[in-house]
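One structure is given here, and the rest of the page talks about it.
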Amino acid sequence: MGAAPRTAGGRRWARLAAATLAVVVLATSGVAWAAIARYSDKINQLPFGLGGSSVADGNPVTILAVASDDRAGLTRAQKKRLHLGYEDYGRHTDTMMLVHISAAGDAVSVISLPRDTLVTIPEFEGNGKTVAAHRGKLNEAYAVGGPQLMVQTVEQVTGVRIDHYVEVNFAGFLSMVDALGGVEVCLPKATKDQKSGLDLPAGRQTVSGPQALAYVRARYFDPTSDLGRMQRQQKFVAAMADKALSAGTLLNPVKLDAFLSAVSSSLSTDSGLGREQLLDLAGRLQGISPSQIHFTTVPLGTPKRVNGIGDVLTWDRPAAAALFAKINADEPIAPPATGKPKVAPRDVSLQVYNGTDVAGLASKASNELAAVGFTIAGPPTNADEQVGATTVIRYDPAQADAARTVAAALPGATLSAVDGLGATIQVVVGSSYSGATQVRGGSKPNGPRSAADDLCR
């Protein structure tokens, strides 16, 4: 119930790119507030409000960005050329993202939520029907109760308060890519996918709207299917944001006009996200750079099959909780510093704690961190609280560069700034710990990618 037919399902990341950029770019153009005043009249406001944080008060803002498969504006010939099929099956959403804008306006964190996540959908009454609370896939919430039930479901599963809602239609994606003059992608080898129509050579290249759509839809050539596609498409969204915020777009009146027009005419928002809210966001985020926009996916657990529902995805609950705790605390999801590690391991003092019930794990990690060059401040011991699967690196903000070196040695670990912690960095080992990595020049921690990262990596 709620899953779109296969011909429609592949479009979800195309609409996702548009939804993310609608929030980020429209608010951060930096050209003039008058631009937003002009284009905001094209945005469709939905007949519901969320009563979220006021942007004008300088609060952090979290927006749920979703994409509907509304194909309004596309001709039959366009649908055929784009490999979309001809039938309209009602509105669905296969893509959901949380877009968190910091109170200081110095960071934008974007977290994608897989459509097949197993969730409990709250009780719903509306649209002439009553639906009891039940388990299902995340995208079913939209099919059952539209935007409002989707917001309730996401709030329940993430524990994050959603302040505003943005929805983008399908046709707008094509217009936005073309308005930018295409978007750069990078393929390790020549790639073809008959289902989506993808046919691109190897290497770095710029793709137009139709080519971009095929690129973000394709999954059959990829042995990792949806998960591999998710990683590719986050790179595409990042590249799109990078180009939209580049001087070549922002300083070109014709290109900027076409892009902002395409963005605004594709959007629907809750009634509380109107002209004044967008103006306030523009003031807060003016001058933000691509390196301050980070993308990630909620940490996943083990896929499984549930009777009556089908194949579903589960989340790594401890790691997901840590990620959403960052959003609630208005902390960036990325490491605090960018570029190569600036501090050598020998100049970093560590205290290692066991954050699990696995005996000897802290001793193992302590020995391995010492073996790759870190200075160990004291004997390993047990943490006051368990952290679950994900290792946590706790550091004083003054030690941000040193913390980044530790993160480079512990791929997948979470960074947590703690005021007053002092010169020694605390490593609280999680159950997924798999060893320490040698830190060399040019290495960087795994984790969220920014819109400024190299596409070919």
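Residue numbering restarts at 1 for every chain of the structure tokens, chains are lettered A, B, ... in their displayed order, and ligands are numbered from 1 as they appear.
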
* Per DSSP on the backbone, filter stretch 170-353 of chain A down to the residues in alpha helix (DSSP H) and report them as a ChimeraX atom specification. => /A:171-179,209-217,225-244,247-250,253-264,275-285,317-328

Go ahead and save the picked residues with C-alpha atoms, as a short mmCIF file (atom, residue, chain, number, x, y, z; two decimals), in the first residue's frame.
data_model
loop_
_atom_site.label_atom_id
_atom_site.label_comp_id
_atom_site.auth_asym_id
_atom_site.auth_seq_id
_atom_site.Cartn_x
_atom_site.Cartn_y
_atom_site.Cartn_z
CA ALA A 171 8.83 18.50 -13.59
CA GLY A 172 10.70 21.17 -11.65
CA PHE A 173 13.80 18.99 -11.37
CA LEU A 174 14.37 19.00 -15.11
CA SER A 175 13.93 22.77 -15.30
CA MET A 176 16.39 23.38 -12.46
CA VAL A 177 19.16 21.22 -13.92
CA ASP A 178 18.79 22.84 -17.32
CA ALA A 179 18.66 26.33 -15.79
CA GLY A 209 18.06 17.49 -17.30
CA PRO A 210 17.05 14.24 -19.10
CA GLN A 211 20.53 12.72 -18.65
CA ALA A 212 20.53 13.73 -15.00
CA LEU A 213 17.15 12.08 -14.50
CA ALA A 214 18.44 8.83 -15.98
CA TYR A 215 21.54 9.05 -13.78
CA VAL A 216 19.59 9.42 -10.54
CA ARG A 217 17.03 6.75 -11.48
CA SER A 225 20.98 -1.52 -6.02
CA ASP A 226 19.23 1.14 -3.90
CA LEU A 227 22.07 1.61 -1.39
CA GLY A 228 24.64 2.22 -4.11
CA ARG A 229 22.24 4.52 -5.89
CA MET A 230 21.70 6.46 -2.68
CA GLN A 231 25.43 7.18 -2.42
CA ARG A 232 25.67 8.24 -6.06
CA GLN A 233 22.68 10.48 -5.79
CA GLN A 234 23.91 12.26 -2.69
CA LYS A 235 26.94 13.20 -4.77
CA PHE A 236 24.61 14.53 -7.44
CA VAL A 237 22.64 16.64 -4.95
CA ALA A 238 25.91 17.99 -3.56
CA ALA A 239 27.19 18.84 -7.05
CA MET A 240 23.91 20.56 -7.86
CA ALA A 241 24.12 22.67 -4.70
CA ASP A 242 27.76 23.50 -5.41
CA LYS A 243 26.92 24.80 -8.88
CA ALA A 244 23.82 26.67 -7.73
CA ALA A 247 29.71 32.64 -8.74
CA GLY A 248 28.86 31.48 -12.26
CA THR A 249 25.21 31.16 -11.20
CA LEU A 250 24.84 33.83 -8.55
CA PRO A 253 21.32 37.45 -13.78
CA VAL A 254 19.86 35.36 -16.64
CA LYS A 255 20.95 32.02 -15.19
CA LEU A 256 19.94 32.98 -11.66
CA ASP A 257 16.52 34.18 -12.82
CA ALA A 258 15.86 30.91 -14.65
CA PHE A 259 17.04 28.81 -11.72
CA LEU A 260 15.07 30.64 -9.01
CA SER A 261 11.99 30.65 -11.20
CA ALA A 262 12.28 26.86 -11.67
CA VAL A 263 12.80 26.30 -7.94
CA SER A 264 9.94 28.46 -6.72
CA ARG A 275 7.74 35.14 2.23
CA GLU A 276 8.83 36.55 5.59
CA GLN A 277 10.30 33.24 6.72
CA LEU A 278 12.31 32.94 3.51
CA LEU A 279 13.55 36.51 3.86
CA ASP A 280 14.74 35.74 7.39
CA LEU A 281 16.50 32.60 6.17
CA ALA A 282 18.20 34.63 3.43
CA GLY A 283 19.55 37.04 6.01
CA ARG A 284 20.80 34.25 8.25
CA LEU A 285 22.40 32.11 5.56
CA ARG A 317 19.26 2.53 16.60
CA PRO A 318 22.19 3.73 18.73
CA ALA A 319 23.94 5.33 15.77
CA ALA A 320 20.70 6.87 14.48
CA ALA A 321 19.91 8.20 17.95
CA ALA A 322 23.36 9.82 18.11
CA LEU A 323 22.82 11.43 14.71
CA PHE A 324 19.41 12.86 15.58
CA ALA A 325 20.72 14.00 18.95
CA LYS A 326 23.10 16.24 17.00
CA ILE A 327 20.15 17.78 15.18
CA ASN A 328 18.25 18.36 18.42
#

* Near A:Gln292, counting only C-alpha atoms, which residues have an atom at most 8 Å away, once you skip same-chain residues fewer than 2 positions from it, shown as number ranges by chain? -> A: 106-108, 288-290, 294, 450-451

* Structure fact -> Nearest to A:Val66, restricted to only C-alpha atoms and choosing among A:Glu167, A:Asp357, A:Asp401, A:Asp316, comes out as A:Glu167

* Asked: Out of A:Ala359, A:Val166, A:Leu300, A:Leu350, which residue has the shortest atom-to-atom distance to A:Gly274 when counting only C-alpha atoms?
  -> A:Val166

* Per DSSP on the backbone, filter stretch 143-211 of chain A down to the residues in strand (DSSP E or B) and report them as an MDAnalysis selection string. => chainID A and resid 164:168 183:187 191:193 198:200 203:207

* Tell me which of A:Asp163, A:Asp347, A:Asp199, A:Glu368 sits closest to A:His100, counting only C-alpha atoms. => A:Asp163

When you look at A:Val429 with a cut-off of 7 Å (counting only C-alpha atoms), what residues show up, excluding the ones that are within fewer than 4 positions of it in the same chain? I need them as a PDB file with C-alpha atoms, in the first residue's frame.
ATOM      1  CA  TYR A 353      36.689   4.028  27.494  1.00  0.00           C
ATOM      2  CA  ASN A 354      34.619   0.896  26.908  1.00  0.00           C
ATOM      3  CA  GLY A 355      31.123   2.019  25.905  1.00  0.00           C
ATOM      4  CA  ALA A 362      38.781  -0.623  25.545  1.00  0.00           C
ATOM      5  CA  THR A 391      32.301   4.889  18.735  1.00  0.00           C
ATOM      6  CA  VAL A 392      32.092   8.430  20.124  1.00  0.00           C
ATOM      7  CA  TYR A 433      34.759  -0.898  16.533  1.00  0.00           C
TER       8      TYR A 433
END

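When only C-alpha atoms are used to compute distances to A:Ala417, the closest of the residues A:Met96, A:Ala334, A:Ile111, A:Leu369 turns out to be A:Ala334.
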
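Between atom CA of A:Gly181 and atom CA of A:Ala218 there is a distance of 21.6 Å.
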
* To do: Compare A:Gln194, A:Pro299, A:Val185, A:Ala344 by their minimum atom-to-atom distance to A:Val207, counting only C-alpha atoms, and give me the closest one.
  =>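 Ranked by minimum distance to A:Val207, first place goes to A:Val185.
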
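Going from atom CA of A:Gly435 over to atom CA of A:Pro332, you cover 25.3 Å.
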
* Asked: For A:Ser271, which of A:Arg404, A:Arg449, A:Lys342, A:His164 is the closest residue, counting only C-alpha atoms?
  ->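 Closest residue, counting only C-alpha atoms: A:His164.
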
* What is the distance, in Å and to one decimal place, between atom CA of A:Leu455 and atom CA of A:Ser246? -> 15.7 Å

* Distance query stretch 375-381 of chain A at most 10 Å, only C-alpha atoms, self and fewer than 5 positions along chain excluded, as JSON, numbers by chain -> {"A": [345, 346, 347, 348, 349, 350, 351, 352, 353, 354, 355, 360, 361, 362, 363, 364, 365, 366, 367, 369, 370, 424, 425, 426, 427, 428]}
